[in-house]
Amino acid sequence: MTGSRGSAGSYPDAPKAGVPTHGAGWKAGAPGFAAASRFVAEVEGAASGKGQLRAGYVLAGDEIFLLDRCREVVLKAFVPPDLKDFCLFDFDLAETSIFAVLDHAQTPSLMAPFQVIFVRNLRQLYTRGAKKDEFAALDRYFRSPNPQAVLLFIADFLRIPSDVRRMELDDKNRFERLRETLGEHCGVVELARVSEEDAMRWAVGTAQAAGVRLDPDAARELVDALGADMMLISSELEKLLLYAGRSGAGAPSGPDGALSVGPRSGEGRITLGGVETMVLAAKQRSLYELTDAISSHDRARALALLDGLLNSSGAGEDGAIGHLYMLARTFRQMLVILEKDVRDSRAIWQALWQGFRMPPFAADDLIRQARRYKSRRELTRALRLVARADLELRSSPPDKRLVLERLVYELASEPKPGAPLMASAQLSFES
């Protein structure tokens with residue numbers, strides 16, 4: 001299936017000649033996109049028998065948009081839907097030792113020809129002690145890896161800015177340590193943050209590939225309104241393209257011609273007015289209403305607001321990961337606000353970096369919500385609960401709505417001293 005194993009190494013900031021970018025918006029000038037496109041090309045080449053797949057990869061960086069795209073291409077290439085339960089595994093090093101992960105990887109599957117193993121919480125290998133035994137075990141495995149398995153380590157504890165020269169010292173040191181250890185055996189994919197300019201180019205290119213014209217001022221507003229958050233930009237652009245496509249096919253345009261027919265026959269157009277009218281302001285306000293209820297420990301209101309979010313979302317339960325992502329992002333923002341003692345909206349833009357900011361209308365609300373938490377520990381508990389729910393959702397639970405409802409119930413409850421996190425998504429709300 002994969003041929004011989006490729007050698008370890010990092011992906012440079014620009015793709016090799018002849019390697020196509022993945023999708024119209026993946027531009028060579030954007031470091032994160034370039035590294036991701038190289039990874040995509042390597043995976044697709046291995047899946048078609050034209051290239052080599054390495055024994056392991058490190059997906060380094062906290063750009064969730066690119067992480068998800070890399071995961072999607074691996075699943076498409078090596079995880080048949082009917083064999084998913086037998087060949088796709090997600091491990092969390094906060095719960096499972098690296099020794100157990102490697103033992104699983106080394107054991108051939110009797111039910112599937114190939115195993116894809118994602119390993120999260122990689123920072124556990126780089127905290128508290130030298131971890132000599134752990135790294136010795138990794139070295140032994142990669143000297144003789146299972147040819148029918150690939151390990152993908154998620155290093156999302158690193159923040160790689162679009163300009164790597166601005167990388168913080170702590171992240172630089174962690175990255176160097178990662179290169180010296182796992183980088184010796186694995187391909188390191190540097191998923192840098194996407195800059196505002198690259199996000200705009202991606203949006204315009206993606207729209208153009210769909211046969212829709214996205215006006216430059218509309219692209220700027222889309223990126224600015226969503227704080228250059230690629231996950232949100234992608235989600236909202238997809239909706240705008242759907243509406244513009246309907247308009248281009250002869251359906252009525254939006255208010256004031258916001259979504260109208262472009263200069264070529266049958267081509268949709270997204271204008272500034274379309275973005276202002278249709279981009280997720282109402283949805284975001286509902287999200288902040290939800291976190292307001294959670295931070296107030298109003299469980300009944302929080303569950304009612306969650307129900308409204310799920311019912312109003314066109315994706316329904318399939319949008320659960322998106323809702324979870326937005327919750328995680330909001331709690332991370334509140335954690336930074338609390339740690340940096342931000343007290344007014346003027347200071348929030350210095351505390352939160354580009355690509356991690358909320359819309360201006362939400363600044364005061366989020367500061368107020370953050371200050372309801374008495375300590376960093378309360379917010380990190382919330383983030384652990386969200387991480388657990390994320391793992392449960394990716395494990396194909398029978399009821400995604402119940403996973404989200406349980407999460408919101410737990411988040412809105414007063415934490416009990418010493419109480420462990422629930423182990424299963426399908427538990428009741430009994431306390």
# chains A, B, ... in the order shown; residues from 1 in each chain; ligands from 1

$ select_by_dssp --residues "region 48-151 of chain A" --states "helix (DSSP H, G or I)" --output "ChimeraX atom specification"
/A:64-78,81-87,98-106,122-126,132-143

$ closest_atom_pairs --of "region 88-189 of chain A" --to "region 374-390 of chain A" --cutoff "12 Å" --atoms "only C-alpha atoms" --output "tab-separated table"
residue	atom	partner	partner_atom	distance
A:Asp90	CA	A:Asp390	CA	10.8
A:Phe91	CA	A:Arg388	CA	11.4
A:Asp92	CA	A:Arg388	CA	9.5
A:Ala94	CA	A:Arg384	CA	10.5
A:Glu95	CA	A:Arg388	CA	10.6
A:Arg120	CA	A:Ala387	CA	10.1
A:Asn121	CA	A:Ala387	CA	9.9

$ write_last_selection --atoms "N, CA and C atoms" --output "PDB file, in the first residue's frame"
ATOM      1  N   ASP A  90      -7.627   7.057  18.360  1.00  0.00           N
ATOM      2  CA  ASP A  90      -7.218   8.336  18.952  1.00  0.00           C
ATOM      3  C   ASP A  90      -6.783   8.084  20.386  1.00  0.00           C
ATOM      4  N   PHE A  91      -5.529   8.394  20.687  1.00  0.00           N
ATOM      5  CA  PHE A  91      -5.011   8.232  22.040  1.00  0.00           C
ATOM      6  C   PHE A  91      -4.669   9.595  22.631  1.00  0.00           C
ATOM      7  N   ASP A  92      -4.871   9.725  23.930  1.00  0.00           N
ATOM      8  CA  ASP A  92      -4.535  10.944  24.668  1.00  0.00           C
ATOM      9  C   ASP A  92      -3.468  10.574  25.689  1.00  0.00           C
ATOM     10  N   ALA A  94      -2.484  12.037  28.160  1.00  0.00           N
ATOM     11  CA  ALA A  94      -2.850  12.339  29.543  1.00  0.00           C
ATOM     12  C   ALA A  94      -3.552  11.140  30.180  1.00  0.00           C
ATOM     13  N   GLU A  95      -4.020  10.210  29.348  1.00  0.00           N
ATOM     14  CA  GLU A  95      -4.756   9.048  29.849  1.00  0.00           C
ATOM     15  C   GLU A  95      -4.088   7.722  29.518  1.00  0.00           C
ATOM     16  N   ARG A 120      -2.695  12.525  20.848  1.00  0.00           N
ATOM     17  CA  ARG A 120      -2.907  13.890  21.323  1.00  0.00           C
ATOM     18  C   ARG A 120      -2.207  14.130  22.660  1.00  0.00           C
ATOM     19  N   ASN A 121      -2.233  15.393  23.081  1.00  0.00           N
ATOM     20  CA  ASN A 121      -1.606  15.799  24.347  1.00  0.00           C
ATOM     21  C   ASN A 121      -0.128  15.439  24.364  1.00  0.00           C
TER      22      ASN A 121
END

$ residues_around --residues "region 193-197 of chain A" --least-positions-apart "3" --cutoff "7 Å" --atoms "only C-alpha atoms" --output "MDAnalysis selection string"
chainID A and resid 32 63 160:162 200:201 223 228

$ residues_around --residues "Leu178 (chain A)" --least-positions-apart "6" --cutoff "10 Å" --atoms "only C-alpha atoms" --output "PyMOL selection string"
chain A and resi 58+60+122-123+125-126+155+172+184+188

$ residues_around --residues "region 407-415 of chain A" --least-positions-apart "2" --cutoff "8 Å" --atoms "only C-alpha atoms" --output "PDB file with C-alpha atoms, in the first residue's frame"
ATOM      1  CA  ALA A 293     -25.218  31.160  31.056  1.00  0.00           C
ATOM      2  CA  ILE A 294     -22.396  28.683  31.684  1.00  0.00           C
ATOM      3  CA  SER A 295     -20.257  31.194  33.572  1.00  0.00           C
ATOM      4  CA  SER A 296     -23.341  32.169  35.626  1.00  0.00           C
ATOM      5  CA  HIS A 297     -23.914  28.459  36.470  1.00  0.00           C
ATOM      6  CA  ASP A 298     -27.429  28.705  35.044  1.00  0.00           C
ATOM      7  CA  ARG A 299     -27.822  25.142  33.796  1.00  0.00           C
ATOM      8  CA  ALA A 302     -27.475  27.016  29.151  1.00  0.00           C
ATOM      9  CA  LEU A 303     -29.196  23.826  27.990  1.00  0.00           C
ATOM     10  CA  LEU A 306     -27.598  24.915  23.359  1.00  0.00           C
ATOM     11  CA  GLU A 378     -11.753  26.622  37.038  1.00  0.00           C
ATOM     12  CA  ALA A 382     -13.596  23.677  31.572  1.00  0.00           C
ATOM     13  CA  LEU A 385     -14.094  18.880  29.840  1.00  0.00           C
ATOM     14  CA  VAL A 386     -14.220  20.282  26.299  1.00  0.00           C
ATOM     15  CA  ALA A 389     -16.006  15.821  24.709  1.00  0.00           C
ATOM     16  CA  VAL A 403     -22.378  14.485  24.361  1.00  0.00           C
ATOM     17  CA  LEU A 404     -22.865  18.254  23.946  1.00  0.00           C
ATOM     18  CA  GLU A 405     -25.719  18.409  26.472  1.00  0.00           C
ATOM     19  CA  PRO A 417     -13.645  19.567  44.985  1.00  0.00           C
ATOM     20  CA  ALA A 419     -14.492  15.288  41.536  1.00  0.00           C
ATOM     21  CA  PHE A 429     -27.025  13.893  34.462  1.00  0.00           C
TER      22      PHE A 429
END

$ residues_around --residues "Tyr141 (chain A)" --least-positions-apart "5" --cutoff "10 Å" --atoms "only C-alpha atoms" --output "list of chain:residue names"
A:Ala55, A:Phe99, A:Leu102, A:Asp103, A:Ala105, A:Gln106, A:Phe135, A:Ala136, A:Asn146, A:His185

$ write_last_selection --atoms "C-alpha atoms" --output "PDB file, in the first residue's frame"
ATOM      1  CA  ALA A  55       6.210   5.691   9.910  1.00  0.00           C
ATOM      2  CA  PHE A  99       4.344   2.600  25.959  1.00  0.00           C
ATOM      3  CA  LEU A 102       3.561   1.987  20.821  1.00  0.00           C
ATOM      4  CA  ASP A 103       2.505  -1.516  21.833  1.00  0.00           C
ATOM      5  CA  ALA A 105       1.011   0.395  16.921  1.00  0.00           C
ATOM      6  CA  GLN A 106       3.379  -2.575  16.824  1.00  0.00           C
ATOM      7  CA  PHE A 135      12.043   8.454  24.253  1.00  0.00           C
ATOM      8  CA  ALA A 136      14.081   5.229  24.306  1.00  0.00           C
ATOM      9  CA  ASN A 146       5.048  -1.643  11.858  1.00  0.00           C
ATOM     10  CA  HIS A 185      12.224   9.737  13.164  1.00  0.00           C
TER      11      HIS A 185
END

$ atom_distance --atom1 "CA of Leu169 (chain A)" --atom2 "CA of Trp353 (chain A)"
15.7 Å

$ select_by_dssp --residues "region 26-139 of chain A" --states "strand (DSSP E or B)" --output "compact mmCIF listing (two decimals) with N, CA and C atoms, in the first residue's frame"
# COMPACT_ATOMS: atom_id res chain seq x y z
N GLY A 56 5.88 7.87 10.92
CA GLY A 56 5.27 8.81 11.85
C GLY A 56 5.37 10.24 11.35
N TYR A 57 4.43 11.06 11.83
CA TYR A 57 4.43 12.49 11.52
C TYR A 57 4.12 13.26 12.79
N VAL A 58 4.67 14.45 12.87
CA VAL A 58 4.31 15.39 13.93
C VAL A 58 3.61 16.57 13.28
N LEU A 59 2.34 16.77 13.61
CA LEU A 59 1.59 17.92 13.12
C LEU A 59 1.75 19.02 14.17
N ALA A 60 2.66 19.95 13.91
CA ALA A 60 3.07 20.94 14.91
C ALA A 60 2.39 22.28 14.65
N LEU A 88 -8.91 3.08 12.90
CA LEU A 88 -8.68 4.46 13.34
C LEU A 88 -8.70 4.52 14.85
N PHE A 89 -7.63 5.08 15.43
CA PHE A 89 -7.51 5.15 16.89
C PHE A 89 -7.02 6.53 17.31
N ASP A 90 -7.63 7.06 18.36
CA ASP A 90 -7.22 8.34 18.95
C ASP A 90 -6.78 8.08 20.39
N PHE A 91 -5.53 8.39 20.69
CA PHE A 91 -5.01 8.23 22.04
C PHE A 91 -4.67 9.60 22.63
N ASP A 92 -4.87 9.73 23.93
CA ASP A 92 -4.54 10.94 24.67
C ASP A 92 -3.47 10.57 25.69
N GLN A 115 -3.47 0.65 9.98
CA GLN A 115 -3.93 1.36 11.17
C GLN A 115 -3.46 2.82 11.14
N VAL A 116 -4.36 3.72 11.45
CA VAL A 116 -4.05 5.15 11.59
C VAL A 116 -4.22 5.51 13.06
N ILE A 117 -3.15 6.02 13.66
CA ILE A 117 -3.15 6.25 15.10
C ILE A 117 -2.80 7.71 15.36
N PHE A 118 -3.76 8.49 15.89
CA PHE A 118 -3.52 9.87 16.28
C PHE A 118 -3.19 9.90 17.77
N VAL A 119 -2.16 10.68 18.11
CA VAL A 119 -1.71 10.78 19.50
C VAL A 119 -1.79 12.23 19.93
N ARG A 120 -2.70 12.53 20.85
CA ARG A 120 -2.91 13.89 21.32
C ARG A 120 -2.21 14.13 22.66

$ atom_distance --atom1 "CA of Ser345 (chain A)" --atom2 "CA of Arg368 (chain A)"
10.3 Å

$ atom_distance --atom1 "CA of Leu240 (chain A)" --atom2 "CA of Gln208 (chain A)"
12.7 Å

$ closest_residue --among "A:Gln52, A:Thr127, A:Ser234, A:Gln148" --to "Ile64 (chain A)" --atoms "only C-alpha atoms"
A:Ser234

$ closest_residue --among "A:Ala149, A:Leu327, A:Ala130, A:Cys186" --to "Asp292 (chain A)" --atoms "only C-alpha atoms"
A:Leu327
